[in-house]
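*Asks:* Handing over final-v2.txt, compact mmCIF, C-alpha atoms and all ligand atoms.
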```txt
# COMPACT_ATOMS: atom_id res chain seq x y z
CA MET A 1 39.01 -42.40 -7.36
CA ASN A 2 39.96 -39.83 -4.80
CA LEU A 3 39.64 -37.17 -7.44
CA LEU A 4 36.22 -38.44 -8.43
CA LYS A 5 35.08 -38.40 -4.80
CA ARG A 6 36.33 -34.87 -4.35
CA GLY A 7 34.64 -33.81 -7.54
CA LEU A 8 31.35 -35.31 -6.39
CA LEU A 9 31.66 -33.65 -2.99
CA GLY A 10 32.34 -30.33 -4.67
CA LEU A 11 29.30 -30.75 -6.87
CA LEU A 12 27.15 -31.60 -3.87
CA LEU A 13 28.35 -28.56 -1.95
CA ALA A 14 27.77 -26.31 -4.96
CA THR A 15 24.23 -27.63 -5.38
CA PHE A 16 23.58 -27.20 -1.68
CA SER A 17 24.75 -23.59 -1.69
CA ILE A 18 22.64 -22.86 -4.77
CA ILE A 19 19.61 -24.27 -2.93
CA ILE A 20 20.41 -22.12 0.10
CA ALA A 21 20.99 -19.03 -2.02
CA ALA A 22 17.75 -19.68 -3.89
CA GLU A 23 15.73 -19.66 -0.69
CA PRO A 24 13.87 -16.35 -0.52
CA ALA A 25 14.91 -13.91 2.21
CA MET A 26 12.64 -13.33 5.17
CA ILE A 27 10.21 -10.53 5.81
CA TYR A 28 10.06 -9.54 9.48
CA PRO A 29 6.70 -7.89 10.21
CA GLY A 30 6.99 -4.85 12.44
CA GLU A 31 10.80 -4.70 12.43
CA LEU A 32 12.99 -1.95 11.01
CA TRP A 33 13.10 -2.55 7.27
CA LYS A 34 16.25 -1.26 5.64
CA ASP A 35 16.67 -0.25 2.02
CA ASN A 36 19.82 -0.73 -0.10
CA ARG A 37 21.35 2.30 1.67
CA GLY A 38 20.79 0.81 5.12
CA GLU A 39 18.03 3.32 5.90
CA HIS A 40 14.58 2.44 7.20
CA ILE A 41 12.18 2.39 4.27
CA GLN A 42 10.03 5.51 4.13
CA ALA A 43 6.89 4.41 2.35
CA HIS A 44 4.17 4.82 4.95
CA GLY A 45 0.50 4.56 4.03
CA GLY A 46 1.89 3.08 0.86
CA GLY A 47 0.94 1.21 -2.24
CA ILE A 48 2.69 -1.16 -4.62
CA ILE A 49 2.51 -1.64 -8.37
CA ARG A 50 4.30 -4.16 -10.54
CA VAL A 51 5.90 -3.05 -13.78
CA ASN A 52 7.69 -5.60 -16.00
CA GLY A 53 8.39 -7.96 -13.14
CA THR A 54 9.65 -5.25 -10.79
CA TYR A 55 7.67 -4.08 -7.79
CA TYR A 56 7.56 -0.38 -6.94
CA TRP A 57 6.59 0.69 -3.45
CA PHE A 58 5.39 4.28 -2.99
CA GLY A 59 4.55 5.90 0.31
CA GLU A 60 4.84 8.85 2.60
CA ASP A 61 8.46 9.73 3.28
CA ARG A 62 8.56 10.99 6.85
CA THR A 63 12.34 11.01 7.28
CA LYS A 64 13.41 13.03 10.32
CA GLY A 65 14.69 16.49 9.49
CA LEU A 66 13.02 17.01 6.12
CA ASP A 67 11.94 20.55 5.22
CA ARG A 68 8.72 20.97 7.21
CA SER A 69 7.01 23.07 4.59
CA ARG A 70 7.24 20.30 2.00
CA ARG A 71 5.60 16.90 1.73
CA TYR A 72 7.51 13.91 0.41
CA VAL A 73 6.72 10.65 -1.32
CA SER A 74 9.44 8.08 -1.92
CA CYS A 75 9.65 5.21 -4.36
CA TYR A 76 11.55 1.96 -3.89
CA SER A 77 11.97 -0.97 -6.26
CA SER A 78 12.36 -4.67 -5.65
CA ARG A 79 12.26 -7.92 -7.57
CA ASP A 80 11.60 -10.09 -4.53
CA LEU A 81 9.49 -7.83 -2.26
CA VAL A 82 12.19 -8.14 0.42
CA HIS A 83 15.21 -6.18 -0.81
CA TRP A 84 14.22 -2.63 -1.67
CA THR A 85 16.30 -0.13 -3.60
CA PHE A 86 15.62 3.53 -2.97
CA ARG A 87 14.81 5.09 -6.36
CA ASN A 88 13.75 8.65 -5.81
CA GLN A 89 11.86 11.09 -3.70
CA VAL A 90 9.25 11.31 -6.43
CA ILE A 91 7.33 14.10 -4.64
CA LYS A 92 9.03 16.89 -2.69
CA LEU A 93 6.24 19.32 -2.88
CA ALA A 94 5.81 22.76 -1.36
CA ASP A 95 2.20 23.77 -0.64
CA PRO A 96 0.83 23.64 -4.20
CA GLU A 97 -2.45 25.51 -3.83
CA GLY A 98 -2.13 27.79 -0.83
CA PHE A 99 -3.57 25.22 1.58
CA GLY A 100 -1.56 26.71 4.46
CA PRO A 101 1.39 25.49 6.56
CA LYS A 102 -0.51 22.53 8.06
CA TRP A 103 -1.38 21.03 4.69
CA VAL A 104 -1.38 17.25 4.42
CA LEU A 105 -0.32 14.78 1.73
CA GLU A 106 -0.92 11.16 2.64
CA ARG A 107 -1.40 7.66 1.24
CA PRO A 108 0.01 8.11 -2.28
CA LYS A 109 -1.03 5.44 -4.80
CA VAL A 110 0.31 5.13 -8.33
CA PHE A 111 -1.47 3.73 -11.38
CA TYR A 112 0.06 3.17 -14.83
CA ASN A 113 -2.04 4.28 -17.76
CA ALA A 114 -0.95 2.25 -20.79
CA ARG A 115 -2.90 4.48 -23.20
CA THR A 116 -1.25 7.73 -22.20
CA ARG A 117 1.93 5.97 -21.09
CA GLN A 118 1.83 7.96 -17.94
CA TYR A 119 2.15 7.10 -14.28
CA VAL A 120 -0.63 8.77 -12.35
CA MET A 121 -0.35 9.29 -8.61
CA TYR A 122 -3.39 9.81 -6.41
CA MET A 123 -2.92 11.16 -2.92
CA HIS A 124 -4.97 12.34 0.00
CA ILE A 125 -4.69 16.12 0.16
CA ASP A 126 -5.96 17.83 3.24
CA GLY A 127 -5.50 20.61 5.74
CA PRO A 128 -7.36 23.02 7.98
CA ALA A 129 -10.31 25.00 6.70
CA PRO A 130 -9.38 28.55 5.68
CA GLY A 131 -8.85 30.64 8.81
CA GLU A 132 -8.37 27.60 11.08
CA SER A 133 -5.04 26.31 12.32
CA SER A 134 -5.48 22.56 12.35
CA GLY A 135 -7.67 19.75 11.12
CA TYR A 136 -8.44 17.60 8.11
CA LYS A 137 -11.15 19.76 6.62
CA LEU A 138 -10.30 20.03 2.92
CA ALA A 139 -10.85 16.31 2.23
CA ARG A 140 -9.60 16.23 -1.36
CA VAL A 141 -7.60 14.00 -3.65
CA GLY A 142 -4.54 15.26 -5.47
CA VAL A 143 -3.20 14.02 -8.81
CA ALA A 144 0.39 14.08 -10.05
CA VAL A 145 1.94 12.51 -13.17
CA SER A 146 5.25 11.23 -14.44
CA ARG A 147 6.52 9.68 -17.69
CA THR A 148 8.65 7.22 -15.74
CA VAL A 149 7.69 5.17 -12.73
CA ASP A 150 10.31 6.72 -10.45
CA GLY A 151 10.54 10.16 -12.04
CA ASP A 152 9.78 13.51 -10.44
CA TYR A 153 5.98 13.57 -10.38
CA ARG A 154 4.36 16.80 -11.54
CA TYR A 155 1.47 17.92 -9.35
CA LEU A 156 -1.57 18.70 -11.49
CA LYS A 157 -4.54 19.47 -9.27
CA SER A 158 -6.74 18.51 -6.37
CA PHE A 159 -10.47 17.99 -6.24
CA ARG A 160 -13.26 16.27 -4.35
CA PRO A 161 -14.02 13.03 -6.19
CA LEU A 162 -17.56 13.08 -7.56
CA ASP A 163 -18.03 16.11 -5.28
CA HIS A 164 -17.66 13.99 -2.17
CA GLU A 165 -15.36 14.42 0.80
CA SER A 166 -12.34 12.15 0.47
CA ARG A 167 -9.84 11.40 3.22
CA ASP A 168 -7.94 8.08 3.28
CA ILE A 169 -7.64 6.66 -0.20
CA GLY A 170 -6.86 3.17 -1.40
CA GLN A 171 -6.17 1.74 -4.82
CA PHE A 172 -7.45 -1.41 -6.42
CA ILE A 173 -6.49 -2.74 -9.85
CA ASP A 174 -8.73 -5.58 -10.92
CA ASP A 175 -7.45 -8.67 -12.73
CA ASP A 176 -8.54 -7.15 -16.06
CA GLY A 177 -6.47 -4.03 -15.31
CA THR A 178 -9.38 -1.73 -14.45
CA PRO A 179 -8.25 0.83 -11.87
CA TYR A 180 -10.41 1.85 -8.93
CA LEU A 181 -10.06 4.51 -6.30
CA ILE A 182 -11.34 3.71 -2.84
CA PHE A 183 -12.05 6.75 -0.70
CA GLU A 184 -13.44 7.52 2.71
CA ASP A 185 -16.32 9.93 2.53
CA ARG A 186 -16.89 10.96 6.15
CA PRO A 187 -20.62 11.74 5.96
CA PHE A 188 -21.52 8.63 3.96
CA GLY A 189 -18.97 5.83 4.05
CA PHE A 190 -16.58 3.78 1.96
CA ARG A 191 -16.77 4.54 -1.75
CA ILE A 192 -15.37 2.62 -4.70
CA ALA A 193 -15.13 4.49 -8.01
CA THR A 194 -13.66 4.08 -11.48
CA LEU A 195 -11.18 6.48 -13.06
CA SER A 196 -11.56 8.36 -16.35
CA ALA A 197 -9.81 6.97 -19.47
CA ASP A 198 -6.75 9.15 -18.82
CA TYR A 199 -6.90 8.32 -15.08
CA LEU A 200 -6.75 12.03 -14.27
CA SER A 201 -10.19 12.20 -12.75
CA VAL A 202 -12.66 10.00 -10.95
CA ALA A 203 -15.33 8.86 -13.37
CA LYS A 204 -18.13 6.90 -11.78
CA GLU A 205 -19.18 5.48 -8.49
CA VAL A 206 -19.33 1.69 -8.39
CA CYS A 207 -20.45 1.32 -4.81
CA LEU A 208 -21.04 3.13 -1.58
CA ILE A 209 -20.67 0.91 1.45
CA PRO A 210 -22.41 2.91 4.14
CA LEU A 211 -19.83 2.18 6.82
CA HIS A 212 -17.15 4.45 8.21
CA LEU A 213 -13.93 2.74 7.25
CA GLU A 214 -10.55 4.13 6.25
CA GLY A 215 -7.26 2.64 5.11
CA GLY A 216 -9.42 0.91 2.51
CA ALA A 217 -8.06 -1.94 0.40
CA ILE A 218 -9.54 -4.61 -1.87
CA VAL A 219 -8.33 -7.87 -3.34
CA HIS A 220 -9.97 -10.22 -5.84
CA TYR A 221 -9.40 -13.81 -4.82
CA LYS A 222 -10.99 -16.93 -6.32
CA GLY A 223 -14.10 -15.21 -7.61
CA LEU A 224 -14.76 -13.01 -4.59
CA TYR A 225 -13.83 -9.44 -3.77
CA TYR A 226 -12.57 -8.90 -0.24
CA ALA A 227 -12.62 -5.34 1.09
CA ILE A 228 -10.85 -4.33 4.28
CA GLY A 229 -10.64 -1.12 6.24
CA SER A 230 -9.96 0.29 9.66
CA GLY A 231 -12.12 2.24 12.06
CA LEU A 232 -11.72 6.01 12.33
CA THR A 233 -9.38 6.38 15.28
CA GLY A 234 -6.61 8.44 13.68
CA TRP A 235 -3.11 7.09 14.33
CA ARG A 236 -4.39 4.75 17.05
CA PRO A 237 -4.93 1.19 15.84
CA ASN A 238 -8.34 -0.46 16.01
CA PRO A 239 -9.90 -3.75 14.89
CA ASN A 240 -9.80 -3.67 11.07
CA LYS A 241 -12.67 -5.36 9.31
CA TYR A 242 -13.46 -7.17 6.07
CA ALA A 243 -16.46 -8.00 3.92
CA THR A 244 -16.90 -9.88 0.66
CA ALA A 245 -18.93 -9.50 -2.52
CA LYS A 246 -19.23 -11.26 -5.86
CA SER A 247 -19.15 -7.90 -7.61
CA LEU A 248 -17.54 -4.61 -6.57
CA ALA A 249 -20.99 -3.07 -6.81
CA GLY A 250 -22.14 -5.37 -4.02
CA PRO A 251 -24.12 -6.53 -2.23
CA TRP A 252 -21.36 -6.71 0.40
CA SER A 253 -21.54 -9.11 3.30
CA GLU A 254 -21.56 -7.96 6.88
CA PHE A 255 -18.14 -6.65 8.05
CA LYS A 256 -16.17 -8.85 10.45
CA ASP A 257 -12.87 -8.52 12.32
CA ILE A 258 -9.76 -9.63 10.42
CA ALA A 259 -7.95 -10.42 13.69
CA PRO A 260 -8.94 -10.90 17.34
CA PRO A 261 -10.31 -7.45 18.22
CA GLU A 262 -8.25 -7.12 21.41
CA THR A 263 -5.04 -7.10 19.30
CA ASN A 264 -6.19 -3.97 17.44
CA THR A 265 -5.05 -5.63 14.21
CA TYR A 266 -1.72 -6.33 15.91
CA ASN A 267 -1.36 -2.56 16.38
CA SER A 268 -1.51 -1.85 12.67
CA GLN A 269 -3.77 -0.15 10.12
CA SER A 270 -4.47 -1.48 6.65
CA THR A 271 -3.08 0.22 3.57
CA MET A 272 -3.17 -2.44 0.85
CA LEU A 273 -3.78 -6.08 0.00
CA LEU A 274 -1.07 -7.35 -2.32
CA LYS A 275 -1.80 -10.42 -4.41
CA VAL A 276 1.13 -12.55 -5.52
CA THR A 277 0.34 -15.37 -7.93
CA GLY A 278 2.93 -17.99 -8.84
CA LYS A 279 3.00 -21.44 -10.40
CA LYS A 280 1.67 -23.23 -7.35
CA GLY A 281 -0.69 -20.77 -5.80
CA THR A 282 -1.59 -17.28 -4.70
CA THR A 283 -0.64 -15.46 -1.54
CA VAL A 284 -2.42 -12.33 -0.40
CA ILE A 285 -0.35 -10.09 1.81
CA TYR A 286 -1.92 -7.68 4.25
CA MET A 287 0.17 -4.50 4.19
CA GLY A 288 -0.39 -2.42 7.28
CA ASP A 289 1.24 0.52 9.01
CA ILE A 290 2.28 0.48 12.62
CA TRP A 291 2.13 4.22 13.18
CA LYS A 292 4.35 6.04 15.64
CA PRO A 293 2.69 9.44 15.70
CA GLN A 294 5.43 11.10 17.77
CA THR A 295 8.29 9.60 15.75
CA GLN A 296 6.66 9.13 12.38
CA TRP A 297 9.94 8.30 10.61
CA ASP A 298 10.15 5.18 12.77
CA SER A 299 6.65 3.94 11.88
CA ARG A 300 6.84 0.29 10.91
CA TYR A 301 5.27 -2.03 8.37
CA LEU A 302 3.26 -5.06 9.24
CA TRP A 303 3.19 -7.35 6.22
CA MET A 304 1.67 -10.72 6.72
CA PRO A 305 0.10 -13.35 4.42
CA VAL A 306 -3.58 -13.63 5.24
CA GLU A 307 -5.60 -16.82 5.47
CA ILE A 308 -8.17 -16.26 2.78
CA GLY A 309 -10.83 -18.25 0.97
CA ASP A 310 -14.49 -19.23 0.93
CA GLY A 311 -15.54 -15.77 2.04
CA LYS A 312 -13.24 -15.63 5.05
CA LEU A 313 -10.16 -13.52 5.64
CA LYS A 314 -7.96 -13.78 8.69
CA LEU A 315 -4.80 -11.95 9.62
CA PRO A 316 -2.74 -14.40 11.67
CA ALA A 317 -0.44 -13.29 14.50
CA PRO A 318 2.59 -11.73 12.78
CA LYS A 319 5.69 -13.85 12.40
CA PRO A 320 8.61 -13.81 9.96
CA PHE A 321 7.91 -15.40 6.59
CA ARG A 322 9.44 -16.09 3.22
CA LEU A 323 7.62 -15.47 0.00
CA ASP A 324 8.57 -17.46 -3.06
CA LEU A 325 7.47 -15.37 -6.01
CA LYS A 326 7.92 -18.28 -8.42
CA SER A 327 5.58 -20.62 -6.61
CA GLY A 328 3.43 -17.84 -5.17
CA LEU A 329 3.64 -19.52 -1.77
CA ALA A 330 4.64 -18.20 1.63
CA THR A 331 6.46 -20.27 4.23
CA PHE A 332 7.11 -19.59 7.90
C1 LIG B 1 -5.60 7.93 10.15
C2 LIG B 1 -5.33 7.83 8.68
C3 LIG B 1 -3.91 8.27 8.44
C4 LIG B 1 -3.78 9.69 8.97
C5 LIG B 1 -4.16 9.75 10.42
C6 LIG B 1 -4.12 11.16 10.98
O1 LIG B 1 -6.89 7.57 10.45
O2 LIG B 1 -5.51 6.53 8.23
O3 LIG B 1 -3.61 8.18 7.07
O4 LIG B 1 -4.63 10.53 8.24
O5 LIG B 1 -5.47 9.25 10.59
O6 LIG B 1 -4.65 11.21 12.26
```
Mind turning the file's structure into structure tokens?
*Replies:*
Amino acid sequence: MNLLKRGLLGLLLATFSIIIAAEPAMIYPGELWKDNRGEHIQAHGGGIIRVNGTYYWFGEDRTKGLDRSRRYVSCYSSRDLVHWTFRNQVIKLADPEGFGPKWVLERPKVFYNARTRQYVMYMHIDGPAPGESSGYKLARVGVAVSRTVDGDYRYLKSFRPLDHESRDIGQFIDDDGTPYLIFEDRPFGFRIATLSADYLSVAKEVCLIPLHLEGGAIVHYKGLYYAIGSGLTGWRPNPNKYATAKSLAGPWSEFKDIAPPETNTYNSQSTMLLKVTGKKGTTVIYMGDIWKPQTQWDSRYLWMPVEIGDGKLKLPAPKPFRLDLKSGLATF
């Protein structure tokens, strides 16, 4: 009898610890976020793609003490979106086209092209105009490729998409797999465009939203597209805004604040909307950067599930959350 009791107790304890272990780990918006090496993740202005059930997070690597003449992009992998393994500095690029010492590489975004079996990275390439010493005057996109998701990406070229100026870029992959580049065209506004079959160039404009928004991101949720973006205030945060449309080509609704404007989007700037669908539902995560312009390596990430539906999108006040990838639900 005693033995039986002990056995039952043991079983109960084992089940209990499995339940505890199975509970997803927490994401702490705005806190230091350490990788498997114990180092703060360097994936600023980033983007995420999912390949065979693994998430890959790419972004600007602004680690203190890196060679100042080079620009770096790092890649991390995760199966739960919480624990990230550093994979590789996939870009460690010296000025590839004689842009000058102040050249800029920002907001890398990676697409996988199943036809060519190539990973294609888009990035914002910029720098001062020839003869000037500072500024974002080149306004181009750069393209680099790799055979493997976390390989050393080979820089191919830079250009102005569809002959337009392009500063902040964003990526959107629709539910049918169609890839889109979002880019900020300073004279005209927020553009959404398709890529060529090999993804190496920008093919066709889908829409121009005549508003000056950067940090552009889009998600498709229950039959509506939601686009978000920030105002043009550089590293300083501002009230980010959203609009909706039934088709990417528009018409787009009026843009509204995603959070109370006095919070300046809780001091963050949008970089991506990540959609996680599970058996019970879908969670859309706002991925934002909390920039620290003087100590860029310490810039933080504000990830937070948004309240979304029926044409409304709201970024709630940040608080720690768990994301259950199986159910697709977030809990607080
Ligand atoms: C922001 C932009 C960042 C970076 C910064 C430079 O507006 O989103 O990616 O370019 O300006 O001031």
*Asks:* Give me, as a VMD selection string, all polymer residues having an atom no more than 6 Å from stretch 103-119 of chain A, counting all atoms listed in the file and skipping those fewer than 5 positions away in the same chain.
*Replies:* chain A and resid 45 to 47 59 124 to 127 145 to 147
*Asks:* Can I get the selection written as a PDB file, keeping the file's coordinate frame, with C-alpha atoms?
*Replies:*
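Listed below is the output, out-v1.pdb:
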```pdb
ATOM      1  CA  GLY A  45       0.500   4.560   4.030  1.00  0.00           C
ATOM      2  CA  GLY A  46       1.890   3.080   0.860  1.00  0.00           C
ATOM      3  CA  GLY A  47       0.940   1.210  -2.240  1.00  0.00           C
ATOM      4  CA  GLY A  59       4.550   5.900   0.310  1.00  0.00           C
ATOM      5  CA  HIS A 124      -4.970  12.340   0.000  1.00  0.00           C
ATOM      6  CA  ILE A 125      -4.690  16.120   0.160  1.00  0.00           C
ATOM      7  CA  ASP A 126      -5.960  17.830   3.240  1.00  0.00           C
ATOM      8  CA  GLY A 127      -5.500  20.610   5.740  1.00  0.00           C
ATOM      9  CA  VAL A 145       1.940  12.510 -13.170  1.00  0.00           C
ATOM     10  CA  SER A 146       5.250  11.230 -14.440  1.00  0.00           C
ATOM     11  CA  ARG A 147       6.520   9.680 -17.690  1.00  0.00           C
TER      12      ARG A 147
END
```
*Asks:* Would you compute the distance between atom CA of A:Arg140 and atom CA of A:Arg154? Give it in Å to one decimal.
*Replies:*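 About the pair atom CA of A:Arg140 and atom CA of A:Arg154: they are 17.3 Å apart.
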*Asks:* Between atom CA of A:Gly177 and atom CA of A:Ser74, what is the distance, to one decimal in Å?
*Replies:*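 We find that atom CA of A:Gly177 and atom CA of A:Ser74 lie 24.1 Å from each other.
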*Asks:* Sorted by chain and rising residue number, list the residues of chain A at most 12 Å from ligand LIG 1 (chain B) (counting all atoms listed in the file), each with its closest atom pair and distance in Å to one decimal, as a tab-separated table.
*Replies:*
```
residue	atom	partner	partner_atom	distance
A:His44	CA	B:LIG1	O3	8.7
A:Gly45	CA	B:LIG1	O3	6.3
A:Gly46	CA	B:LIG1	O3	9.7
A:Gly59	CA	B:LIG1	O3	10.8
A:Glu60	CA	B:LIG1	O3	9.6
A:Trp103	CA	B:LIG1	O4	11.6
A:Val104	CA	B:LIG1	O4	8.4
A:Leu105	CA	B:LIG1	O4	8.9
A:Glu106	CA	B:LIG1	O3	6.0
A:Arg107	CA	B:LIG1	O3	6.3
A:Pro108	CA	B:LIG1	O3	10.0
A:Met123	CA	B:LIG1	O3	10.4
A:His124	CA	B:LIG1	O3	8.3
A:Ile125	CA	B:LIG1	O4	9.8
A:Asp126	CA	B:LIG1	O4	8.9
A:Gly127	CA	B:LIG1	O4	10.4
A:Ser134	CA	B:LIG1	O6	11.4
A:Gly135	CA	B:LIG1	O6	9.1
A:Tyr136	CA	B:LIG1	O4	8.0
A:Lys137	CA	B:LIG1	O4	11.4
A:Ala139	CA	B:LIG1	O4	10.4
A:Ser166	CA	B:LIG1	O4	11.1
A:Arg167	CA	B:LIG1	O4	7.3
A:Asp168	CA	B:LIG1	O2	5.7
A:Ile169	CA	B:LIG1	O3	8.5
A:Gly170	CA	B:LIG1	O2	10.3
A:Phe183	CA	B:LIG1	O2	11.1
A:Glu184	CA	B:LIG1	O2	9.7
A:Arg186	CA	B:LIG1	O1	11.4
A:His212	CA	B:LIG1	O1	11.0
A:Leu213	CA	B:LIG1	O1	9.1
A:Glu214	CA	B:LIG1	O2	5.9
A:Gly215	CA	B:LIG1	O2	5.3
A:Gly216	CA	B:LIG1	O2	8.9
A:Ala217	CA	B:LIG1	O2	11.8
A:Gly229	CA	B:LIG1	O2	9.4
A:Ser230	CA	B:LIG1	O2	7.8
A:Gly231	CA	B:LIG1	O1	7.6
A:Leu232	CA	B:LIG1	O1	5.4
A:Thr233	CA	B:LIG1	O1	5.6
A:Gly234	CA	B:LIG1	O1	3.4
A:Trp235	CA	B:LIG1	C5	4.8
A:Arg236	CA	B:LIG1	O1	7.6
A:Pro237	CA	B:LIG1	O1	8.6
A:Asn238	CA	B:LIG1	O1	9.9
A:Asn240	CA	B:LIG1	O2	11.4
A:Ser268	CA	B:LIG1	O2	10.3
A:Gln269	CA	B:LIG1	O2	7.2
A:Ser270	CA	B:LIG1	O2	8.2
A:Thr271	CA	B:LIG1	O2	8.2
A:Met272	CA	B:LIG1	O2	11.8
A:Gly288	CA	B:LIG1	O2	10.4
A:Asp289	CA	B:LIG1	O2	9.1
A:Ile290	CA	B:LIG1	C3	10.8
A:Trp291	CA	B:LIG1	C3	8.7
A:Lys292	CA	B:LIG1	C5	10.7
A:Pro293	CA	B:LIG1	O6	8.3
A:Gln294	CA	B:LIG1	O6	11.5
A:Gln296	CA	B:LIG1	C4	11.0
A:Ser299	CA	B:LIG1	C3	11.9
```
*Asks:* Restricting the output to C-alpha atoms, write the selected residues as a PDB file, in the coordinates of the input.
*Replies:*
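The resulting again.pdb:
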```
ATOM      1  CA  HIS A  44       4.170   4.820   4.950  1.00  0.00           C
ATOM      2  CA  GLY A  45       0.500   4.560   4.030  1.00  0.00           C
ATOM      3  CA  GLY A  46       1.890   3.080   0.860  1.00  0.00           C
ATOM      4  CA  GLY A  59       4.550   5.900   0.310  1.00  0.00           C
ATOM      5  CA  GLU A  60       4.840   8.850   2.600  1.00  0.00           C
ATOM      6  CA  TRP A 103      -1.380  21.030   4.690  1.00  0.00           C
ATOM      7  CA  VAL A 104      -1.380  17.250   4.420  1.00  0.00           C
ATOM      8  CA  LEU A 105      -0.320  14.780   1.730  1.00  0.00           C
ATOM      9  CA  GLU A 106      -0.920  11.160   2.640  1.00  0.00           C
ATOM     10  CA  ARG A 107      -1.400   7.660   1.240  1.00  0.00           C
ATOM     11  CA  PRO A 108       0.010   8.110  -2.280  1.00  0.00           C
ATOM     12  CA  MET A 123      -2.920  11.160  -2.920  1.00  0.00           C
ATOM     13  CA  HIS A 124      -4.970  12.340   0.000  1.00  0.00           C
ATOM     14  CA  ILE A 125      -4.690  16.120   0.160  1.00  0.00           C
ATOM     15  CA  ASP A 126      -5.960  17.830   3.240  1.00  0.00           C
ATOM     16  CA  GLY A 127      -5.500  20.610   5.740  1.00  0.00           C
ATOM     17  CA  SER A 134      -5.480  22.560  12.350  1.00  0.00           C
ATOM     18  CA  GLY A 135      -7.670  19.750  11.120  1.00  0.00           C
ATOM     19  CA  TYR A 136      -8.440  17.600   8.110  1.00  0.00           C
ATOM     20  CA  LYS A 137     -11.150  19.760   6.620  1.00  0.00           C
ATOM     21  CA  ALA A 139     -10.850  16.310   2.230  1.00  0.00           C
ATOM     22  CA  SER A 166     -12.340  12.150   0.470  1.00  0.00           C
ATOM     23  CA  ARG A 167      -9.840  11.400   3.220  1.00  0.00           C
ATOM     24  CA  ASP A 168      -7.940   8.080   3.280  1.00  0.00           C
ATOM     25  CA  ILE A 169      -7.640   6.660  -0.200  1.00  0.00           C
ATOM     26  CA  GLY A 170      -6.860   3.170  -1.400  1.00  0.00           C
ATOM     27  CA  PHE A 183     -12.050   6.750  -0.700  1.00  0.00           C
ATOM     28  CA  GLU A 184     -13.440   7.520   2.710  1.00  0.00           C
ATOM     29  CA  ARG A 186     -16.890  10.960   6.150  1.00  0.00           C
ATOM     30  CA  HIS A 212     -17.150   4.450   8.210  1.00  0.00           C
ATOM     31  CA  LEU A 213     -13.930   2.740   7.250  1.00  0.00           C
ATOM     32  CA  GLU A 214     -10.550   4.130   6.250  1.00  0.00           C
ATOM     33  CA  GLY A 215      -7.260   2.640   5.110  1.00  0.00           C
ATOM     34  CA  GLY A 216      -9.420   0.910   2.510  1.00  0.00           C
ATOM     35  CA  ALA A 217      -8.060  -1.940   0.400  1.00  0.00           C
ATOM     36  CA  GLY A 229     -10.640  -1.120   6.240  1.00  0.00           C
ATOM     37  CA  SER A 230      -9.960   0.290   9.660  1.00  0.00           C
ATOM     38  CA  GLY A 231     -12.120   2.240  12.060  1.00  0.00           C
ATOM     39  CA  LEU A 232     -11.720   6.010  12.330  1.00  0.00           C
ATOM     40  CA  THR A 233      -9.380   6.380  15.280  1.00  0.00           C
ATOM     41  CA  GLY A 234      -6.610   8.440  13.680  1.00  0.00           C
ATOM     42  CA  TRP A 235      -3.110   7.090  14.330  1.00  0.00           C
ATOM     43  CA  ARG A 236      -4.390   4.750  17.050  1.00  0.00           C
ATOM     44  CA  PRO A 237      -4.930   1.190  15.840  1.00  0.00           C
ATOM     45  CA  ASN A 238      -8.340  -0.460  16.010  1.00  0.00           C
ATOM     46  CA  ASN A 240      -9.800  -3.670  11.070  1.00  0.00           C
ATOM     47  CA  SER A 268      -1.510  -1.850  12.670  1.00  0.00           C
ATOM     48  CA  GLN A 269      -3.770  -0.150  10.120  1.00  0.00           C
ATOM     49  CA  SER A 270      -4.470  -1.480   6.650  1.00  0.00           C
ATOM     50  CA  THR A 271      -3.080   0.220   3.570  1.00  0.00           C
ATOM     51  CA  MET A 272      -3.170  -2.440   0.850  1.00  0.00           C
ATOM     52  CA  GLY A 288      -0.390  -2.420   7.280  1.00  0.00           C
ATOM     53  CA  ASP A 289       1.240   0.520   9.010  1.00  0.00           C
ATOM     54  CA  ILE A 290       2.280   0.480  12.620  1.00  0.00           C
ATOM     55  CA  TRP A 291       2.130   4.220  13.180  1.00  0.00           C
ATOM     56  CA  LYS A 292       4.350   6.040  15.640  1.00  0.00           C
ATOM     57  CA  PRO A 293       2.690   9.440  15.700  1.00  0.00           C
ATOM     58  CA  GLN A 294       5.430  11.100  17.770  1.00  0.00           C
ATOM     59  CA  GLN A 296       6.660   9.130  12.380  1.00  0.00           C
ATOM     60  CA  SER A 299       6.650   3.940  11.880  1.00  0.00           C
TER      61      SER A 299
END
```
*Asks:* Take the point (-20.6, 11.4, 2.7) in the file's coordinates, draw a sphere of radius 9 Å around it, and report as an MDAnalysis selection string every protein, DNA or RNA residue with an atom inside or on it, counting only C-alpha atoms.
*Replies:* chainID A and resid 164:166 184:190 210
*Asks:* Out of A:Glu31, A:Asp150, A:Glu39, A:Asp67, which residue has the shortest atom-to-atom distance to A:Gln89 when counting all atoms listed in the file?
*Replies:*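 The shortest atom-to-atom distance to A:Gln89 comes from A:Asp150.
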*Asks:* Please measure the separation of atom CA of A:Lys102 and atom CA of A:Lys157, giving the value in Å to one decimal.
*Replies:*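 Spanning atom CA of A:Lys102 to atom CA of A:Lys157 is a straight-line distance of 18.1 Å.
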*Asks:* At a cut-off of 7 Å around the point (-13.7, 3.6, -7.9) (file coordinates), what residues fall inside when counting only C-alpha atoms? I'd like the answer as JSON, numbers by chain.
*Replies:* {"A": [180, 181, 182, 191, 192, 193, 194, 195, 204, 205, 206]}
*Asks:* Which residues of stretch 22-125 of chain A have any atom within 8 Å of an atom in stretch 312-326 of chain A when counting all atoms listed in the file, and what is the closest pair of atoms for each, with the distance in Å to one decimal? Order the rows by chain and rising number and write it as a Markdown table.
*Replies:*
```
| residue | atom | partner | partner_atom | distance |
| --- | --- | --- | --- | --- |
| A:Glu23 | CA | A:Asp324 | CA | 7.9 |
| A:Pro24 | CA | A:Arg322 | CA | 5.8 |
| A:Ala25 | CA | A:Arg322 | CA | 6.0 |
| A:Met26 | CA | A:Arg322 | CA | 4.7 |
| A:Ile27 | CA | A:Phe321 | CA | 5.4 |
| A:Tyr28 | CA | A:Pro320 | CA | 4.5 |
| A:Pro29 | CA | A:Pro318 | CA | 6.2 |
| A:Asp80 | CA | A:Leu325 | CA | 6.9 |
```
